[in-house]
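To start, the structure itself, in structure tokens.
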Amino acid sequence: MSEKNIEANEEELFEHFSFTASKGQDPLRVDKYLMNFIENATRNKIQQAAKDGHIWVNDSVVKQNYKVKAGDEVRVLFEHPPYEMLLTPENIPLDIPYEDDTFLIVNKPAGMVVHPGHGNYSGTLINALLFHIENLPANSNERPGLVHRIDKDTSGLLVIAKTEAAMTHLAKQFYDKTSEREYLALVWGNVEEDEGTVVGAIGRNPKNRLQMQVFPEGEQGKEAVTHFKVMERLGYVTLVSCRLETGRTHQIRVHMKYIGHTLFNDERYGGDKILKGTSFTKYKQFVDNCFKILPRQALHAKTLGFKHPVTGKMMRFNSELPQDMTDCIEKWKHYSKHSLQS
């Protein structure tokens, strides 16, 4: 394909994914490379995209066997815009503990994606909100109403702005670190300190784009601060309260792993393995049962506090732990009481 044709063709295409291969990237087939970076992608779909001329490296179309090397700019382009740009209202029930003319609070269940993205184009919180409210203001990423977000498998409270003024006011409070965000997490291991603070810049893992990681100071990533407090020690796991000073992607999940206490059943960060405990078959069976009761990371956004965007009054909202986390914690309480003390 000539350079002129590439330019003409590219004008009709929409970028869906873009990655820059890190300095330490060993040569790797582009289809395998993209499998490591695109969530919910299949090898067949990626190979088909390559056959159809949708995978570009350094502004040229490449085949599926192209070897990605350090510094390569890898992009996936299609004729249609990304589905997250095509937001469709959907009549999905929402748990709304509070709502007024400027904002609403949503208690999001685990399993609900906050905004459309690759592999999740419907059934998201945004789809539900667009049905519930007309003319939601867009944030800087063109995501209507979102002041902040929580992960798909994290449950709990989110504030949604209903006006441009509320969006600006609330976003500034989050940016200035004056909002309150407290989470409850069940983590592996006995957290020895009663309370503490984790400070560590968080950025995307260069070898696995689906993970975040802590980087040495000044190397890369964005400043991140998490304050934690032990609520209850349950032997091989600990229930902790985590208060966010900053709000980075996967912050609590990454920071707790960084200090040696990965979240219970956090598959992405290795918490779905038995990280602490005994080698007894009975114990393994017990943990497997806990995983079945709580088939996600044990993280709940419990408390949300901020100043009302119009009145300036301090507003604070609390939510109960969902049943799956409650049941799992109760099982651990019973186990620690009867098994560890016998």
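By convention in this document, the chains of the structure tokens carry letters A, B, ... by their order, each chain's residues are numbered from 1, and ligands are numbered from 1 in the order they are shown.
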
*For Ala201 in chain A, please output as a ChimeraX atom specification all residues within 9 Å (counting only C-alpha atoms; exclusion window: fewer than 4 positions along the same chain).*
/A:213-225

Selection file, C-alpha atoms, as a PDB file, in the first residue's frame:
```
ATOM      1  CA  GLN A 213       2.006  -1.166  39.607  1.00  0.00           C
ATOM      2  CA  VAL A 214       3.978   0.979  42.061  1.00  0.00           C
ATOM      3  CA  PHE A 215       7.074   2.643  40.591  1.00  0.00           C
ATOM      4  CA  PRO A 216      10.131   4.004  42.436  1.00  0.00           C
ATOM      5  CA  GLU A 217       9.858   7.716  43.205  1.00  0.00           C
ATOM      6  CA  GLY A 218      10.459   9.941  40.197  1.00  0.00           C
ATOM      7  CA  GLU A 219      10.630   7.041  37.710  1.00  0.00           C
ATOM      8  CA  GLN A 220       7.083   7.135  36.321  1.00  0.00           C
ATOM      9  CA  GLY A 221       3.444   6.914  37.360  1.00  0.00           C
ATOM     10  CA  LYS A 222       1.296   9.378  39.313  1.00  0.00           C
ATOM     11  CA  GLU A 223       1.466  10.217  43.006  1.00  0.00           C
ATOM     12  CA  ALA A 224      -0.799   7.955  45.078  1.00  0.00           C
ATOM     13  CA  VAL A 225      -1.523   7.931  48.828  1.00  0.00           C
TER      14      VAL A 225
END
```

*List the neighbours of Lys172 in chain A out to 12 Å using only C-alpha atoms; skip same-chain residues closer than 4 positions along the sequence, and give me the result as an MDAnalysis selection string.*
chainID A and resid 139 147:148 165:168 176:179 306:307 309

Keeping only N, CA and C atoms, take the residues you just selected and write them out as a JSON list (two decimals), in the first residue's frame.
```
[["chain", "number", "residue", "atom", "x", "y", "z"],
["A", 139, "ASN", "N", -17.70, 14.62, 31.25],
["A", 139, "ASN", "CA", -16.44, 14.99, 31.92],
["A", 139, "ASN", "C", -15.36, 15.17, 30.87],
["A", 147, "VAL", "N", -17.85, 11.73, 37.87],
["A", 147, "VAL", "CA", -16.86, 12.53, 38.60],
["A", 147, "VAL", "C", -15.66, 11.65, 38.95],
["A", 148, "HIS", "N", -15.94, 10.39, 39.26],
["A", 148, "HIS", "CA", -14.91, 9.40, 39.56],
["A", 148, "HIS", "C", -15.47, 8.04, 39.14],
["A", 165, "ALA", "N", -22.08, 22.75, 36.22],
["A", 165, "ALA", "CA", -21.54, 23.42, 37.41],
["A", 165, "ALA", "C", -21.21, 22.41, 38.50],
["A", 166, "ALA", "N", -22.09, 21.43, 38.70],
["A", 166, "ALA", "CA", -21.84, 20.40, 39.71],
["A", 166, "ALA", "C", -20.64, 19.55, 39.33],
["A", 167, "MET", "N", -20.52, 19.22, 38.05],
["A", 167, "MET", "CA", -19.38, 18.44, 37.58],
["A", 167, "MET", "C", -18.07, 19.16, 37.90],
["A", 168, "THR", "N", -18.00, 20.45, 37.57],
["A", 168, "THR", "CA", -16.79, 21.24, 37.83],
["A", 168, "THR", "C", -16.48, 21.32, 39.32],
["A", 176, "ASP", "N", -8.56, 18.39, 44.51],
["A", 176, "ASP", "CA", -7.92, 19.06, 45.65],
["A", 176, "ASP", "C", -7.79, 18.16, 46.87],
["A", 177, "LYS", "N", -8.27, 16.91, 46.76],
["A", 177, "LYS", "CA", -8.18, 15.92, 47.84],
["A", 177, "LYS", "C", -8.99, 16.31, 49.08],
["A", 178, "THR", "N", -10.08, 17.04, 48.87],
["A", 178, "THR", "CA", -10.93, 17.43, 50.00],
["A", 178, "THR", "C", -12.15, 16.52, 50.14],
["A", 179, "SER", "N", -12.36, 15.63, 49.18],
["A", 179, "SER", "CA", -13.48, 14.68, 49.29],
["A", 179, "SER", "C", -13.06, 13.52, 50.20],
["A", 306, "PHE", "N", -18.40, 14.91, 50.63],
["A", 306, "PHE", "CA", -17.97, 16.09, 49.87],
["A", 306, "PHE", "C", -18.92, 17.24, 50.19],
["A", 307, "LYS", "N", -18.53, 18.45, 49.80],
["A", 307, "LYS", "CA", -19.39, 19.62, 50.00],
["A", 307, "LYS", "C", -20.41, 19.70, 48.87],
["A", 309, "PRO", "N", -22.38, 20.96, 45.93],
["A", 309, "PRO", "CA", -21.91, 21.92, 44.93],
["A", 309, "PRO", "C", -22.67, 23.25, 44.90]]
```

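Take the candidates A:Val254, A:Ile38, A:Leu186, A:Leu157 and check each one against Gly235 in chain A using only C-alpha atoms; the shortest distance goes to A:Leu186.
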
*Close residues, Val113 in chain A itself excluded, 7 Å, only C-alpha atoms, min 3 positions apart in chain, as a list in words*: Thr124, Leu125 and Lys152 of chain A

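If only C-alpha atoms are the atoms counted, then among A:Ala110, A:Leu129, A:Val76, A:Ala49 the closest residue to Glu90 in chain A is A:Leu129.
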
*Extract, using only C-alpha atoms, all DNA, RNA and protein residues at most 12 Å from Pro206 in chain A, discarding same-chain residues fewer than 5 positions from it, and format them as a PyMOL selection string.*
chain A and resi 19-26+33+36-37+70-71+211-215+220-221

*Contact residues around Phe17 in chain A with only C-alpha atoms at 10 Å, ignoring same-chain residues under 3 positions, as a PyMOL selection string*: chain A and resi 14+34+37-38+55+74-78+82+118

Output for the residues just chosen: C-alpha atoms as a CSV table (one decimal), in the first residue's frame:
```
chain,number,residue,atom,x,y,z
A,14,PHE,CA,-11.1,5.4,14.0
A,34,LEU,CA,-2.0,-7.2,21.7
A,37,PHE,CA,-2.8,-5.5,26.4
A,38,ILE,CA,-6.5,-5.6,25.3
A,55,ILE,CA,-3.4,-3.3,12.9
A,74,VAL,CA,1.0,-0.1,17.9
A,75,ARG,CA,-2.5,1.0,17.0
A,76,VAL,CA,-5.7,-0.8,16.2
A,77,LEU,CA,-8.0,1.1,13.7
A,78,PHE,CA,-11.5,0.3,12.5
A,82,PRO,CA,-15.3,3.0,19.4
A,118,HIS,CA,-14.0,-3.0,24.9
```

*Go through A:Tyr121, A:Gln173, A:Asp101, A:Val114 one by one, measure the shortest atom-to-atom distance of each to Leu146 in chain A using only C-alpha atoms, and give the residue with the smallest value.*
A:Val114

*What gap, in Å, lies between CA of Ala301 in chain A and CA of Asp194 in chain A?*
20.5 Å

*With only C-alpha atoms as the atoms that count, which of A:Glu164, A:Asp288, A:Glu267, A:Asp72 lies nearest to Phe103 in chain A?*
A:Glu164

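Of the listed residues A:Gly260, A:Gly271, A:Gly305, A:Pro97, the one whose atoms come nearest to Gly189 in chain A is A:Gly260, with distances taken using only C-alpha atoms.
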
*Please identify all polymer residues within 12 Å of Asp324 in chain A, counting only C-alpha atoms, omitting same-chain residues fewer than 5 positions from it, and present them as a ChimeraX atom specification.*
/A:109-110,153-155,186,289-300,329-331

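Atom to atom, CA of Cys242 in chain A and CA of Asn205 in chain A stand 22.7 Å apart.
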
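Note that the spacing between CA of Leu28 in chain A and CA of His16 in chain A amounts to 20.9 Å.
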
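Using only C-alpha atoms, the shortest contact distance between Asp151 in chain A and any of A:Arg233, A:His115, A:Arg43, A:Met256 is found at A:His115.
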